[in-house]
Every structure is written in structure tokens, then in C-alpha cells.
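One structure is given here, and the rest of the page talks about it.
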Amino acid sequence: MPQTIISASILNSDLSDLRTTAALVDRSGAQWLHFDVMDGEFVENITFGSSVLGAVKPYSRAFKDVHLMVAHPIRQIKLFAEAGAENITFHVESDCDPKEVIAEIHRLGVKAGISVKPGTPVSAIEPYIADADMILIMTVEPGYGGQGFIHSTLEKIRRVRELAPDKDIEVDGGINPETSRLVREAGANVLVAGTYLFRAQDMSAAVKELLG
Ligand code: DX5
Ligand code: ZN
């Protein structure tokens, strides 16, 4: 199984000071910076677009991990690639042809992730696993940070690890030391965490606890 990676979600960080957030994450040992992009259509909430990634990029050494929770992902790929995205993950439930979105992400030299919401079966993404670089299993309903971990998603992680023994499997939502152990045992290796990291007194210690 690939190396365990912590991807710090800026969603619940101090959005009034992303320069500090980026520096905090760089110092913490978290390897990736996770941008939760929401359009108010695919999910109720609206967060930010590619301009925020572009603004943060000069202040962050972390790998830029973009999570598109948007209805029409194909419209965002070039914008985020040009703003510095190194991975772009989109949802299979969105209005798109997944093969076309993955091809467009790869055409722009960026890694491609495909994601399923908690209620969507793994079968919905099976046809695309071979083309994707990463599979994101949502462990909360997309839309907001600080939600409770949905334990029924553990079986989905196990199933995807069987189907994709060597790919990155990312989880997102409700990750803390206890759920980190559960998802890693199930086969996930990229752990998105927001609330747990940004509420911690010592983010480096919090990252170490998530790495187990
Ligand atoms: C949901 C978001 C959250 C966020 C991290 O749409 O994607 O999962 O990244 O959530 P917490 O705060 O639970 O780590
Ligand atoms: Zn996310």
C-alpha cells in the first residue's frame, strides 16, 4: 500500500489569513494542502474558486490537492490547472463524462482523482478506476467541515483497495486519530483532515497522531 499522506483541508482554517494557514501546514508535516471547492449547486455551500488557489500557491510548499464539489467539473479543470493544482478530484455524481474529465486533467499534466459520496456505490466508479490516479471515498456528506464520520464507508474503502491495490485512496471528512486508524486499516492512505488539525494546539503533534 502507498505511503500515508495527510492532506490538510483549508475549509475550516482561518480563511481570513490563508498565508498563515499555508505556513502552518508546511511546518506541520502534512504533505498536501486540500482545497474544498463548492459551487452552491452540486452542494448547498459555496466556498472559493481557482483564484484562491493561485493566491495561496506562492506561500505553500505542500502538494496542491483540489477537490471539486461542483456540478460541471469540466468547466473548472483548466482554471485550476493554470492556478497550480497538482491533483484535481471530481465527483462521479456530477454532470460529466468521467472519462472526458480525467482525460482533460491528464492533458494539462495534473493528477486525476474521482470521488463518490457516502451513498454512492463503488460500482459507479469501477469503470474509471484504471484511468484515475486516486479514488476519494467521502466519509461525510460533501458540503461542510466538522461533520461526524460515517462508518458505513469503511466497507467501500476495503472494496476499492481490493480493486486498486497500488493507487492512492483518499478519505475526506471526520478524520481524527480514532477514525484515522479505522480508514488506514481498511486501506486508505491519503487522509484529508480539517477540523482536527486546525483546532489542535500543536498541528505537528496532530499530524503525527493521524499518521499513527
Ligand atoms: C466536506 C469537506 C470536509 C473537509 C474536512 O465537503 O470536504 O470533509 O474537507 O472535514 P473535517 O473538518 O471533518 O476534517
Ligand atoms: Zn474535500
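Here, A, B, ... name the chains of the C-alpha cells in the order displayed, residue numbers run from 1 inside each chain, and ligands are numbered from 1 in the same displayed order.
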Step by step, measure atom-to-atom distances between ligand 1 and each residue using only C-alpha atoms and all ligand atoms, keep those at most 6 Å, then write them as number ranges by chain.
A: 9, 36, 142-147, 172-175, 193-196
Restricting it to N, CA and C atoms, dump the selection as a PDB file, in the first residue's frame.
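Okay, this is what ended up in again-v4.pdb:
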```
ATOM      1  N   SER A   9      -7.154  20.206   4.948  1.00  0.00           N
ATOM      2  CA  SER A   9      -8.207  20.964   4.258  1.00  0.00           C
ATOM      3  C   SER A   9      -8.310  22.377   4.812  1.00  0.00           C
ATOM      4  N   ASP A  36     -11.208  22.586  -0.802  1.00  0.00           N
ATOM      5  CA  ASP A  36     -12.590  22.107  -0.972  1.00  0.00           C
ATOM      6  C   ASP A  36     -13.393  23.143  -1.745  1.00  0.00           C
ATOM      7  N   PRO A 142     -20.637  15.590   1.357  1.00  0.00           N
ATOM      8  CA  PRO A 142     -19.918  16.805   0.946  1.00  0.00           C
ATOM      9  C   PRO A 142     -20.710  18.065   1.294  1.00  0.00           C
ATOM     10  N   GLY A 143     -19.967  19.120   1.668  1.00  0.00           N
ATOM     11  CA  GLY A 143     -20.630  20.406   1.883  1.00  0.00           C
ATOM     12  C   GLY A 143     -20.085  21.209   3.033  1.00  0.00           C
ATOM     13  N   TYR A 144     -19.713  20.517   4.122  1.00  0.00           N
ATOM     14  CA  TYR A 144     -19.245  21.257   5.296  1.00  0.00           C
ATOM     15  C   TYR A 144     -18.173  20.461   6.052  1.00  0.00           C
ATOM     16  N   GLY A 145     -17.244  21.178   6.661  1.00  0.00           N
ATOM     17  CA  GLY A 145     -16.274  20.535   7.547  1.00  0.00           C
ATOM     18  C   GLY A 145     -16.925  20.284   8.902  1.00  0.00           C
ATOM     19  N   GLY A 146     -16.209  19.558   9.771  1.00  0.00           N
ATOM     20  CA  GLY A 146     -16.668  19.372  11.144  1.00  0.00           C
ATOM     21  C   GLY A 146     -17.821  18.406  11.329  1.00  0.00           C
ATOM     22  N   GLN A 147     -18.119  17.565  10.327  1.00  0.00           N
ATOM     23  CA  GLN A 147     -19.208  16.590  10.463  1.00  0.00           C
ATOM     24  C   GLN A 147     -18.711  15.287  11.075  1.00  0.00           C
ATOM     25  N   ASP A 172     -12.141  11.685   3.235  1.00  0.00           N
ATOM     26  CA  ASP A 172     -12.344  13.106   3.493  1.00  0.00           C
ATOM     27  C   ASP A 172     -13.580  13.319   4.360  1.00  0.00           C
ATOM     28  N   GLY A 173     -13.280  13.747   5.636  1.00  0.00           N
ATOM     29  CA  GLY A 173     -14.408  14.106   6.499  1.00  0.00           C
ATOM     30  C   GLY A 173     -14.421  13.310   7.784  1.00  0.00           C
ATOM     31  N   GLY A 174     -14.338  14.031   8.908  1.00  0.00           N
ATOM     32  CA  GLY A 174     -14.424  13.386  10.213  1.00  0.00           C
ATOM     33  C   GLY A 174     -13.188  12.600  10.593  1.00  0.00           C
ATOM     34  N   ILE A 175     -12.040  12.976  10.023  1.00  0.00           N
ATOM     35  CA  ILE A 175     -10.808  12.216  10.311  1.00  0.00           C
ATOM     36  C   ILE A 175     -10.140  12.768  11.570  1.00  0.00           C
ATOM     37  N   ALA A 193      -7.864  16.060   6.452  1.00  0.00           N
ATOM     38  CA  ALA A 193      -8.322  16.482   7.777  1.00  0.00           C
ATOM     39  C   ALA A 193      -8.339  18.004   7.826  1.00  0.00           C
ATOM     40  N   GLY A 194      -9.408  18.539   8.392  1.00  0.00           N
ATOM     41  CA  GLY A 194      -9.517  19.997   8.524  1.00  0.00           C
ATOM     42  C   GLY A 194      -9.701  20.360   9.983  1.00  0.00           C
ATOM     43  N   THR A 195     -10.873  20.090  10.488  1.00  0.00           N
ATOM     44  CA  THR A 195     -11.208  20.480  11.865  1.00  0.00           C
ATOM     45  C   THR A 195     -10.188  19.962  12.877  1.00  0.00           C
ATOM     46  N   TYR A 196      -9.850  18.662  12.801  1.00  0.00           N
ATOM     47  CA  TYR A 196      -8.926  18.103  13.793  1.00  0.00           C
ATOM     48  C   TYR A 196      -7.579  18.838  13.774  1.00  0.00           C
TER      49      TYR A 196
END
```
Please run DSSP on the backbone and report, as a ChimeraX atom specification, all residues within region 79-164 of chain A that come out as strand (DSSP E).
/A:87-91,111-116,134-138
Residues up to 12 Å from ligand 2, counting only C-alpha atoms and all ligand atoms: could you list those as a PyMOL selection string?
chain A and resi 7-12+32-38+47+65-70+88-91+113-117+136-146+170-175+190-195
Min atom-atom distance to Asp39 (chain A) from the set A:Leu18, A:Val52, A:Ala71, A:Val183, counting only C-alpha atoms, belongs to A:Ala71
Check the DSSP output for the backbone and give back, as a VMD selection string, the residues of region 17-92 of chain A in helix (DSSP H, G or I).
chain A and resid 18 to 28 50 to 59 73 to 75 77 to 83
Export of the given selection (C-alpha atoms) as a JSON list (two decimals), in the first residue's frame:
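Result went into part10.json, see below:
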```json
[["chain", "number", "residue", "atom", "x", "y", "z"],
["A", 18, "LEU", "CA", -4.59, 31.82, 4.24],
["A", 19, "ARG", "CA", -0.94, 32.91, 4.09],
["A", 20, "THR", "CA", -0.59, 31.86, 7.75],
["A", 21, "THR", "CA", -2.67, 28.73, 7.14],
["A", 22, "ALA", "CA", -0.31, 27.66, 4.35],
["A", 23, "ALA", "CA", 2.78, 28.27, 6.51],
["A", 24, "LEU", "CA", 1.20, 26.36, 9.43],
["A", 25, "VAL", "CA", 0.53, 23.37, 7.18],
["A", 26, "ASP", "CA", 4.05, 23.46, 5.72],
["A", 27, "ARG", "CA", 5.54, 23.40, 9.23],
["A", 28, "SER", "CA", 3.17, 20.67, 10.46],
["A", 50, "SER", "CA", -9.20, 28.86, -8.68],
["A", 51, "SER", "CA", -8.20, 32.44, -7.80],
["A", 52, "VAL", "CA", -7.83, 31.42, -4.14],
["A", 53, "LEU", "CA", -5.53, 28.55, -5.11],
["A", 54, "GLY", "CA", -3.48, 30.97, -7.22],
["A", 55, "ALA", "CA", -3.26, 33.41, -4.29],
["A", 56, "VAL", "CA", -2.13, 30.76, -1.80],
["A", 57, "LYS", "CA", 0.29, 28.89, -4.07],
["A", 58, "PRO", "CA", 3.33, 31.20, -3.62],
["A", 59, "TYR", "CA", 3.09, 30.74, 0.18],
["A", 73, "PRO", "CA", -16.28, 19.92, -13.26],
["A", 74, "ILE", "CA", -15.11, 20.10, -16.90],
["A", 75, "ARG", "CA", -15.52, 23.91, -16.71],
["A", 77, "ILE", "CA", -10.16, 21.91, -14.92],
["A", 78, "LYS", "CA", -8.13, 24.41, -16.99],
["A", 79, "LEU", "CA", -8.67, 27.21, -14.43],
["A", 80, "PHE", "CA", -7.35, 25.08, -11.56],
["A", 81, "ALA", "CA", -4.53, 23.56, -13.59],
["A", 82, "GLU", "CA", -3.32, 27.05, -14.53],
["A", 83, "ALA", "CA", -3.67, 28.19, -10.90]]
```
Residues near Ala205 (chain A), anyone? I mean within 12 Å using only C-alpha atoms, not counting same-chain ones fewer than 2 positions away, as a PyMOL selection string.
chain A and resi 25+27-30+177+196-203+207-212
Since we have the selection now, will you write its residues out, keeping N, CA and C atoms, as a PDB file, in the first residue's frame?
```
ATOM      1  N   VAL A  25       0.598  24.718   7.759  1.00  0.00           N
ATOM      2  CA  VAL A  25       0.531  23.374   7.178  1.00  0.00           C
ATOM      3  C   VAL A  25       1.931  22.925   6.750  1.00  0.00           C
ATOM      4  N   ARG A  27       4.721  23.723   8.028  1.00  0.00           N
ATOM      5  CA  ARG A  27       5.541  23.402   9.230  1.00  0.00           C
ATOM      6  C   ARG A  27       5.033  22.147   9.938  1.00  0.00           C
ATOM      7  N   SER A  28       3.797  21.745   9.651  1.00  0.00           N
ATOM      8  CA  SER A  28       3.165  20.670  10.459  1.00  0.00           C
ATOM      9  C   SER A  28       3.603  19.260  10.043  1.00  0.00           C
ATOM     10  N   GLY A  29       4.134  19.135   8.823  1.00  0.00           N
ATOM     11  CA  GLY A  29       4.444  17.779   8.354  1.00  0.00           C
ATOM     12  C   GLY A  29       3.351  17.206   7.467  1.00  0.00           C
ATOM     13  N   ALA A  30       2.217  17.899   7.375  1.00  0.00           N
ATOM     14  CA  ALA A  30       1.179  17.462   6.402  1.00  0.00           C
ATOM     15  C   ALA A  30       1.751  17.697   5.011  1.00  0.00           C
ATOM     16  N   PRO A 177      -7.676  10.886  15.236  1.00  0.00           N
ATOM     17  CA  PRO A 177      -6.823   9.709  15.481  1.00  0.00           C
ATOM     18  C   PRO A 177      -7.581   8.382  15.471  1.00  0.00           C
ATOM     19  N   TYR A 196      -9.850  18.662  12.801  1.00  0.00           N
ATOM     20  CA  TYR A 196      -8.926  18.103  13.793  1.00  0.00           C
ATOM     21  C   TYR A 196      -7.579  18.838  13.774  1.00  0.00           C
ATOM     22  N   LEU A 197      -7.087  19.155  12.606  1.00  0.00           N
ATOM     23  CA  LEU A 197      -5.781  19.822  12.509  1.00  0.00           C
ATOM     24  C   LEU A 197      -5.849  21.285  12.938  1.00  0.00           C
ATOM     25  N   PHE A 198      -6.855  22.005  12.467  1.00  0.00           N
ATOM     26  CA  PHE A 198      -6.868  23.453  12.716  1.00  0.00           C
ATOM     27  C   PHE A 198      -7.382  23.806  14.103  1.00  0.00           C
ATOM     28  N   ARG A 199      -7.981  22.811  14.798  1.00  0.00           N
ATOM     29  CA  ARG A 199      -8.364  23.064  16.207  1.00  0.00           C
ATOM     30  C   ARG A 199      -7.242  22.663  17.158  1.00  0.00           C
ATOM     31  N   ALA A 200      -6.235  21.979  16.627  1.00  0.00           N
ATOM     32  CA  ALA A 200      -5.172  21.456  17.511  1.00  0.00           C
ATOM     33  C   ALA A 200      -4.278  22.581  18.032  1.00  0.00           C
ATOM     34  N   GLN A 201      -3.811  22.442  19.262  1.00  0.00           N
ATOM     35  CA  GLN A 201      -2.849  23.398  19.828  1.00  0.00           C
ATOM     36  C   GLN A 201      -1.521  23.291  19.078  1.00  0.00           C
ATOM     37  N   ASP A 202      -1.169  22.025  18.786  1.00  0.00           N
ATOM     38  CA  ASP A 202       0.111  21.721  18.122  1.00  0.00           C
ATOM     39  C   ASP A 202      -0.188  20.894  16.875  1.00  0.00           C
ATOM     40  N   MET A 203      -0.178  21.539  15.706  1.00  0.00           N
ATOM     41  CA  MET A 203      -0.574  20.848  14.481  1.00  0.00           C
ATOM     42  C   MET A 203       0.387  19.723  14.105  1.00  0.00           C
ATOM     43  N   VAL A 207      -0.718  15.978  13.378  1.00  0.00           N
ATOM     44  CA  VAL A 207      -0.382  15.234  12.146  1.00  0.00           C
ATOM     45  C   VAL A 207       0.240  13.885  12.506  1.00  0.00           C
ATOM     46  N   LYS A 208       1.146  13.895  13.470  1.00  0.00           N
ATOM     47  CA  LYS A 208       1.783  12.641  13.897  1.00  0.00           C
ATOM     48  C   LYS A 208       0.745  11.661  14.427  1.00  0.00           C
ATOM     49  N   GLU A 209      -0.262  12.165  15.158  1.00  0.00           N
ATOM     50  CA  GLU A 209      -1.311  11.269  15.682  1.00  0.00           C
ATOM     51  C   GLU A 209      -2.124  10.665  14.536  1.00  0.00           C
ATOM     52  N   LEU A 210      -2.366  11.451  13.485  1.00  0.00           N
ATOM     53  CA  LEU A 210      -3.143  10.912  12.350  1.00  0.00           C
ATOM     54  C   LEU A 210      -2.327   9.891  11.564  1.00  0.00           C
ATOM     55  N   LEU A 211      -1.004  10.080  11.561  1.00  0.00           N
ATOM     56  CA  LEU A 211      -0.152   9.131  10.817  1.00  0.00           C
ATOM     57  C   LEU A 211      -0.040   7.801  11.551  1.00  0.00           C
ATOM     58  N   GLY A 212      -0.350   7.818  12.851  1.00  0.00           N
ATOM     59  CA  GLY A 212      -0.385   6.588  13.658  1.00  0.00           C
ATOM     60  C   GLY A 212       0.986   6.040  13.991  1.00  0.00           C
TER      61      GLY A 212
END
```
Between A:Ala112, A:Ala62, A:Ala124, A:Leu15, which residue has the minimum interatomic distance to Val92 (chain A), considering only C-alpha atoms?
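Once distances to Val92 (chain A) are computed over only C-alpha atoms, the minimum belongs to A:Ala124.
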What does the distance from CA of Glu93 (chain A) to CA of Glu185 (chain A) come to in Å, to one decimal?
26.7 Å
Neighbours of region 119-123 of chain A within 8 Å (only C-alpha atoms; same-chain residues fewer than 5 positions away dropped), as a ChimeraX atom specification?
/A:156,159-160
Measure the distance from CA of Pro2 (chain A) to CA of Asn176 (chain A) in Å and round it to one decimal.
20.0 Å
CA of Gln76 (chain A) to CA of Ala103 (chain A), straight-line distance in Å
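Those two atoms sit 13.6 Å apart.
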